[in-house]
Each structure stands twice: as C-alpha cells, then as structure tokens.
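Here's the structure we're looking at; comments come further down.
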Amino acid sequence: MTGLKRLTGLASALRVLGALAAAGLLAATAAVPSAHAVTAAPEPKAPKEFVALDRVDPTILQEMRYTTEHNFVGERIDGYRQPVCILTRPAAEALHRAQMRLLARGYTLKVYDCYRPQRAVDHFVRWAKDLDDERMKREFYPLVDKSRLFADGYIAEKSGHSRGSTVDVTVVRLPAAPTRPYVPGEPQVECFRPQEERFPDNSLDMGTGFDCFDTLSHTDDPRIQGAQRANRDLLRGALAEQGFVNLPEEWWHFTFKPEPFPATFFDFPVARRSVAGH
C-alpha cells in the first residue's frame with residue numbers, strides 16, 4: 001500500500017506541474033531573478049574634466065587608427081568602441097588654440113590617437129609578448145626585432161595617453177586630400193620609405209609614417225632635413241606655443257602641461273557615452 005500511495009502522489013504532482021506549465025506559470029517563475037544573480041558591472045565613465053575633442057573644435061581632423069586594423073597590432077584595439085578623440089578639457093582647448101593659428105596659415109591638425117584606456121595598453125603588452133604574431137612587421141617595425149620592443153621603449157605597461165592629456169597628431173595642408181581606407185591583408189610598405197611609396201596619408205611629409213618603430217621617427221633625427229624638417233618644426237612649434245611638450249622619440253607624440261591627472265591611468269572606453277553629459 002505504501003508503494004501505491006507514493007505512485008499516486010507522484011502522479012498528482014506531475015498533473016499539477018503539467019497544469020502550471022500549460023498556464024505559463026513555470027516560465028514566469030523561472031524568469032524571476034534570484035537575489036544572488038550576478039549583474040554586469042557598469043562601464044566606467046570619464047571624469048567631468050574630459051570632453052570629446054569635436055565638442056571643442058570640430059575642424060580638427062580625426063583618423064583614429066586604433067579603431068581600425070591599420071596599426072602595428074593589425075586588429076582593432078581593446079577599449080576603442082568609436083572613432084572619437086577624447087581628452088581632458090585643458091588639452092582639447094589648447095589644441096583648439098593651435099588649430100586656430102594653423103588654419104590662418106592654410107593648415108589643419110589631424111589626430112591619430114588621444115586618450116587611450118589601460119585595457120588598450122594591456123592589449124599592446126599581450127601582443128608584444130607574442131613573438132609569433134608579426135603580421136604588421138614590414139610596415140611598422142621592419143628593422144626592429146619584436147623581442148626588443150620593451151627594452152627599446154616602443155611598448156610599456158603604462159602610457160601617458162591613459163592620463164588623458166597626450167595626443168598623437170600631425171599637420172595636413174588645406175584643402176585636405178581624401179585618403180583611401182586600409183584594406184586588411186594588402187601588401188605592406190616600410191614606414192620609413194619615401195612618402196609617395198608609403199601607405200597614403202594626407203599628412204605633410206614628416207619623414208616617416210605614424211607609429212613607425214624606427215629611429216627616423218625621433219623628432220630631431222639629423223637625417224631628417226629640408227621640407228621634412230620644416231614640417232616637423234611646424235607641428236612642434238604650433239603645439240609648443242600652447243603648452244604641449246613633444247616626446248623626443250616620436251615626432252607625433254605631445255603631452256599638454258600641466259596635466260590635470262599626472263598620476264592617474266584611466267580605463268573607461270573610447271566612446272561618446274563615456275563623456276556624455278559633460
């Protein structure tokens with residue numbers, strides 16, 4: 001009798017469950033989140049001192065390389081959600097002042113990179129440690145052994161870009177000529193080759209392309225003469241007037257001084273929503 005009672009009770013329970021399922025009540029119950037359910041942490045936002053550059057000066061050209069595959073890694077970099085330049089407001093306003101002076105002379109600034117999240121720097125570090133990945137070597141570091149990237153200072157675990165007041169920038173003559181998009185897998189040309197042979201860029205001829213891991217990229221390399229020297233001096237002079245300091249190893253790299261965040265390395269993503277409402 002005990003076994004029969006158990007079977008009868010089981011059958012009754014199954015009938016109840018079937019009725020609940022038919023009524024959709026089981027699904028509704030399952031959809032109620034548990035008090036212990038894991039929720040995704042919200043993305044960090046930029047402090048109020050940050051701004052999208054085009055809100056301060058929409059005339060400065062933007063060619064945000066790390067949102068594309070045309071960079072020394074060969075893929076879109078972590079943390080770059082949208083091709084937008086974000087900077088601290090003092091740095092953005094200083095770029096605007098430099099731009100006004102250059103526009104009067106028939107030139108415009110063009111930025112390649114601005115604020116860079118720490119997660120992007122971490123991506124660079126992982127890539128640099130993978131000695132088998134040399135897909136972009138011929139263009140960006142043709143004469144540098146990848147195992148030397150840390151020792152030679154091309155890659156580091158922290159970047160001034162993450163503090164928000166550093167910019168990678170060049171000068172373009174107006175009217176700005178269009179540049180064709182990069183085609184992943186296309187034949188590469190060394191970044192220090194003559195401008196007409198390198199990947200097309202509407203920048204003035206600075207002697208090398210952007211992010212060229214080579215001593216020719218040193219701002220005052222004595223091999224850079226003539227028009228190329230004049231172009232580098234034009235860029236450095238225009239930015240120095242407004243408080244930017246050049247990194248001697250990279251003609252394109254400038255940091256606004258004094259920095260609002262001299263010791264803070266941020267990790268909010270490069271996206272308009274990161275500075276929305278500022």
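A note on labels: chains of the structure tokens are A, B, ... as shown, every chain counts residues from 1, and ligands are counted from 1 in their shown order.
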Using only C-alpha atoms, which protein or nucleic acid residues come within 9 Å of Gly243 in chain A? Drop anything in the same chain fewer than 6 positions from it, and give the result as a ChimeraX atom specification.
/A:91,94,255-258
What's the 10 Å shell around range 53-61 of chain A, counting only C-alpha atoms, without same-chain residues fewer than 4 positions away, as a list in words?
Val84, Cys85, Ile86, Leu87, Thr88, Arg89, Ala91, Ala92, Glu93, Ala94, Leu95, His96, Arg97, Gln99, Met100, Leu103, Thr108, Leu109, Lys110, Val111, Tyr112, Cys114, Val169, Thr170, Val171, Val172 and Ala176 of chain A
Can you check which parts of range 183-230 of chain A lie within 8 Å of range 130-152 of chain A? Per residue, the shortest pair of atoms and distance in Å to one decimal, counting only C-alpha atoms, sorted by chain and number, as CSV.
residue,atom,partner,partner_atom,distance
A:Gln188,CA,A:Glu139,CA,5.4
A:Val189,CA,A:Glu139,CA,5.2
A:Glu190,CA,A:Glu139,CA,4.2
A:Cys191,CA,A:Glu139,CA,5.2
A:Asp211,CA,A:Phe140,CA,6.6
A:Cys212,CA,A:Phe140,CA,5.0
A:Phe213,CA,A:Tyr141,CA,4.9
A:Asp214,CA,A:Tyr141,CA,6.8
Distance CA of Ser165 in chain A-CA of Val125 in chain A, one decimal place?
21.3 Å
Identify all residues of range 24-187 of chain A in alpha helix (DSSP H) (DSSP on the backbone) and supply them as a PyMOL selection string.
chain A and resi 25-31+53-56+89-103+118-129+137-140
Proximity check range 92-116 of chain A to range 236-241 of chain A, 8 Å, nearest pairs one decimal Å, only C-alpha atoms, as CSV:
residue,atom,partner,partner_atom,distance
A:Leu95,CA,A:Leu239,CA,7.3
A:Ala98,CA,A:Ala238,CA,5.7
A:Arg101,CA,A:Ala238,CA,7.5
A:Leu102,CA,A:Ala238,CA,7.4
Same residues, N, CA, C and O atoms, output as an mmCIF file, in the first residue's frame:
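Below is the file that was written, result-v3.cif:
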data_model
loop_
_atom_site.group_PDB
_atom_site.id
_atom_site.type_symbol
_atom_site.label_atom_id
_atom_site.label_comp_id
_atom_site.auth_asym_id
_atom_site.auth_seq_id
_atom_site.Cartn_x
_atom_site.Cartn_y
_atom_site.Cartn_z
ATOM 1 N N LEU A 95 44.626 72.425 -27.982
ATOM 2 C CA LEU A 95 44.655 72.007 -29.390
ATOM 3 C C LEU A 95 43.836 72.966 -30.237
ATOM 4 O O LEU A 95 44.215 73.293 -31.370
ATOM 5 N N ALA A 98 45.885 76.014 -30.996
ATOM 6 C CA ALA A 98 46.886 75.718 -32.025
ATOM 7 C C ALA A 98 46.234 75.615 -33.393
ATOM 8 O O ALA A 98 46.796 76.088 -34.400
ATOM 9 N N ARG A 101 45.599 78.974 -35.077
ATOM 10 C CA ARG A 101 46.809 79.560 -35.657
ATOM 11 C C ARG A 101 47.163 78.869 -36.972
ATOM 12 O O ARG A 101 47.589 79.522 -37.942
ATOM 13 N N LEU A 102 46.998 77.554 -37.025
ATOM 14 C CA LEU A 102 47.343 76.810 -38.231
ATOM 15 C C LEU A 102 46.345 77.060 -39.363
ATOM 16 O O LEU A 102 46.729 77.154 -40.535
#
Can you pull out every residue from range 19-258 of chain A that DSSP, working from the backbone, puts in strand (DSSP E or B), and format the result as a ChimeraX atom specification?
/A:50-52,61-62,80,86-88,107-113,166-173,203,244-246,253-256
Would you write out those residues with N, CA and C atoms, as a JSON list (two decimals), in the first residue's frame?
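Result written to result04.json:
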[["chain", "number", "residue", "atom", "x", "y", "z"],
["A", 50, "PHE", "N", 36.91, 65.55, -18.67],
["A", 50, "PHE", "CA", 37.16, 65.03, -20.02],
["A", 50, "PHE", "C", 36.06, 65.50, -20.98],
["A", 51, "VAL", "N", 36.43, 65.57, -22.27],
["A", 51, "VAL", "CA", 35.49, 66.03, -23.29],
["A", 51, "VAL", "C", 35.86, 65.41, -24.63],
["A", 52, "ALA", "N", 34.86, 65.24, -25.49],
["A", 52, "ALA", "CA", 35.13, 64.84, -26.87],
["A", 52, "ALA", "C", 35.72, 66.04, -27.60],
["A", 61, "LEU", "N", 40.83, 67.36, -37.84],
["A", 61, "LEU", "CA", 40.57, 66.07, -38.47],
["A", 61, "LEU", "C", 40.88, 64.94, -37.48],
["A", 62, "GLN", "N", 40.14, 63.85, -37.62],
["A", 62, "GLN", "CA", 40.36, 62.69, -36.75],
["A", 62, "GLN", "C", 40.49, 61.43, -37.60],
["A", 80, "TYR", "N", 38.55, 50.55, -27.72],
["A", 80, "TYR", "CA", 38.22, 51.57, -28.73],
["A", 80, "TYR", "C", 36.87, 51.22, -29.36],
["A", 86, "ILE", "N", 39.03, 61.71, -27.34],
["A", 86, "ILE", "CA", 38.65, 62.19, -26.01],
["A", 86, "ILE", "C", 39.90, 62.70, -25.32],
["A", 87, "LEU", "N", 39.80, 63.86, -24.70],
["A", 87, "LEU", "CA", 40.93, 64.47, -23.99],
["A", 87, "LEU", "C", 40.43, 65.20, -22.76],
["A", 88, "THR", "N", 41.34, 65.54, -21.86],
["A", 88, "THR", "CA", 40.97, 66.47, -20.80],
["A", 88, "THR", "C", 40.65, 67.80, -21.47],
["A", 107, "TYR", "N", 46.63, 75.38, -42.89],
["A", 107, "TYR", "CA", 46.84, 74.00, -42.44],
["A", 107, "TYR", "C", 45.76, 73.61, -41.42],
["A", 108, "THR", "N", 45.69, 72.32, -41.15],
["A", 108, "THR", "CA", 44.83, 71.81, -40.09],
["A", 108, "THR", "C", 45.56, 70.71, -39.33],
["A", 109, "LEU", "N", 45.22, 70.56, -38.07],
["A", 109, "LEU", "CA", 45.71, 69.43, -37.30],
["A", 109, "LEU", "C", 44.91, 68.17, -37.65],
["A", 110, "LYS", "N", 45.53, 67.01, -37.48],
["A", 110, "LYS", "CA", 44.84, 65.72, -37.59],
["A", 110, "LYS", "C", 45.34, 64.82, -36.48],
["A", 111, "VAL", "N", 44.42, 64.26, -35.70],
["A", 111, "VAL", "CA", 44.82, 63.38, -34.60],
["A", 111, "VAL", "C", 44.68, 61.92, -35.02],
["A", 112, "TYR", "N", 45.65, 61.12, -34.56],
["A", 112, "TYR", "CA", 45.62, 59.67, -34.76],
["A", 112, "TYR", "C", 45.16, 58.94, -33.50],
["A", 113, "ASP", "N", 45.49, 59.50, -32.34],
["A", 113, "ASP", "CA", 45.10, 58.89, -31.07],
["A", 113, "ASP", "C", 45.11, 59.96, -30.00],
["A", 166, "THR", "N", 47.52, 63.49, -23.50],
["A", 166, "THR", "CA", 48.51, 63.20, -24.54],
["A", 166, "THR", "C", 47.79, 62.89, -25.85],
["A", 167, "VAL", "N", 48.37, 63.38, -26.93],
["A", 167, "VAL", "CA", 47.76, 63.23, -28.25],
["A", 167, "VAL", "C", 48.82, 62.87, -29.28],
["A", 168, "ASP", "N", 48.45, 61.99, -30.22],
["A", 168, "ASP", "CA", 49.28, 61.70, -31.39],
["A", 168, "ASP", "C", 48.68, 62.49, -32.54],
["A", 169, "VAL", "N", 49.48, 63.37, -33.16],
["A", 169, "VAL", "CA", 48.91, 64.38, -34.05],
["A", 169, "VAL", "C", 49.88, 64.72, -35.17],
["A", 170, "THR", "N", 49.33, 65.21, -36.27],
["A", 170, "THR", "CA", 50.13, 65.66, -37.40],
["A", 170, "THR", "C", 49.48, 66.91, -37.99],
["A", 171, "VAL", "N", 50.05, 67.39, -39.11],
["A", 171, "VAL", "CA", 49.55, 68.57, -39.80],
["A", 171, "VAL", "C", 49.20, 68.21, -41.23],
["A", 172, "VAL", "N", 48.07, 68.71, -41.72],
["A", 172, "VAL", "CA", 47.59, 68.47, -43.08],
["A", 172, "VAL", "C", 47.42, 69.81, -43.78],
["A", 173, "ARG", "N", 47.87, 69.88, -45.03],
["A", 173, "ARG", "CA", 47.67, 71.11, -45.80],
["A", 173, "ARG", "C", 46.22, 71.17, -46.31],
["A", 203, "SER", "N", 48.73, 63.68, -44.48],
["A", 203, "SER", "CA", 49.62, 64.47, -43.64],
["A", 203, "SER", "C", 50.75, 65.08, -44.47],
["A", 244, "PHE", "N", 52.17, 72.28, -25.13],
["A", 244, "PHE", "CA", 52.43, 70.86, -25.37],
["A", 244, "PHE", "C", 53.94, 70.59, -25.42],
["A", 245, "VAL", "N", 54.31, 69.46, -24.86],
["A", 245, "VAL", "CA", 55.71, 69.02, -24.85],
["A", 245, "VAL", "C", 55.83, 67.77, -25.70],
["A", 246, "ASN", "N", 56.78, 67.77, -26.61],
["A", 246, "ASN", "CA", 56.98, 66.64, -27.52],
["A", 246, "ASN", "C", 57.80, 65.54, -26.87],
["A", 253, "HIS", "N", 53.99, 62.69, -31.02],
["A", 253, "HIS", "CA", 53.52, 62.49, -29.65],
["A", 253, "HIS", "C", 53.72, 63.74, -28.80],
["A", 254, "PHE", "N", 52.61, 64.30, -28.26],
["A", 254, "PHE", "CA", 52.68, 65.53, -27.48],
["A", 254, "PHE", "C", 51.80, 65.41, -26.23],
["A", 255, "THR", "N", 52.29, 65.98, -25.13],
["A", 255, "THR", "CA", 51.55, 65.98, -23.88],
["A", 255, "THR", "C", 51.36, 67.41, -23.40],
["A", 256, "PHE", "N", 50.10, 67.75, -23.07],
["A", 256, "PHE", "CA", 49.81, 69.09, -22.55],
["A", 256, "PHE", "C", 50.26, 69.19, -21.10]]
Residues within 10 Å of Arg163 in chain A, please, as a PyMOL selection string. Count only C-alpha atoms; anything in the same chain fewer than 4 positions from it doesn't count.
chain A and resi 87-88+114-118+158-159+255+259-267
Mind giving me the straight-line distance from CA of Asp122 in chain A to CA of Pro181 in chain A in Å, one decimal?
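Rounded to one decimal, the two atoms are 26.5 Å apart.
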Let me make sure I understand: among A:Pro47, A:Pro90, A:Gly74, A:Pro42, which one has the smallest atom-to-atom distance to Glu186 in chain A if we use only C-alpha atoms?
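Smallest distance to Glu186 in chain A is found for A:Gly74.
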Taking only C-alpha atoms into account, which of A:Gln225, A:Ala41, A:Arg81, A:Glu49 comes nearest Arg273 in chain A?
A:Arg81
Separation of CA of Gln82 in chain A from CA of Ser217 in chain A in Å:
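Value for the CA of Ser217 in chain A-CA of Gln82 in chain A distance: 27.5 Å.
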Close residues, Met206 in chain A itself excluded, 9 Å, only C-alpha atoms, min 4 positions apart in chain, as a ChimeraX atom specification
/A:170,195,210,217,224,227-232,251
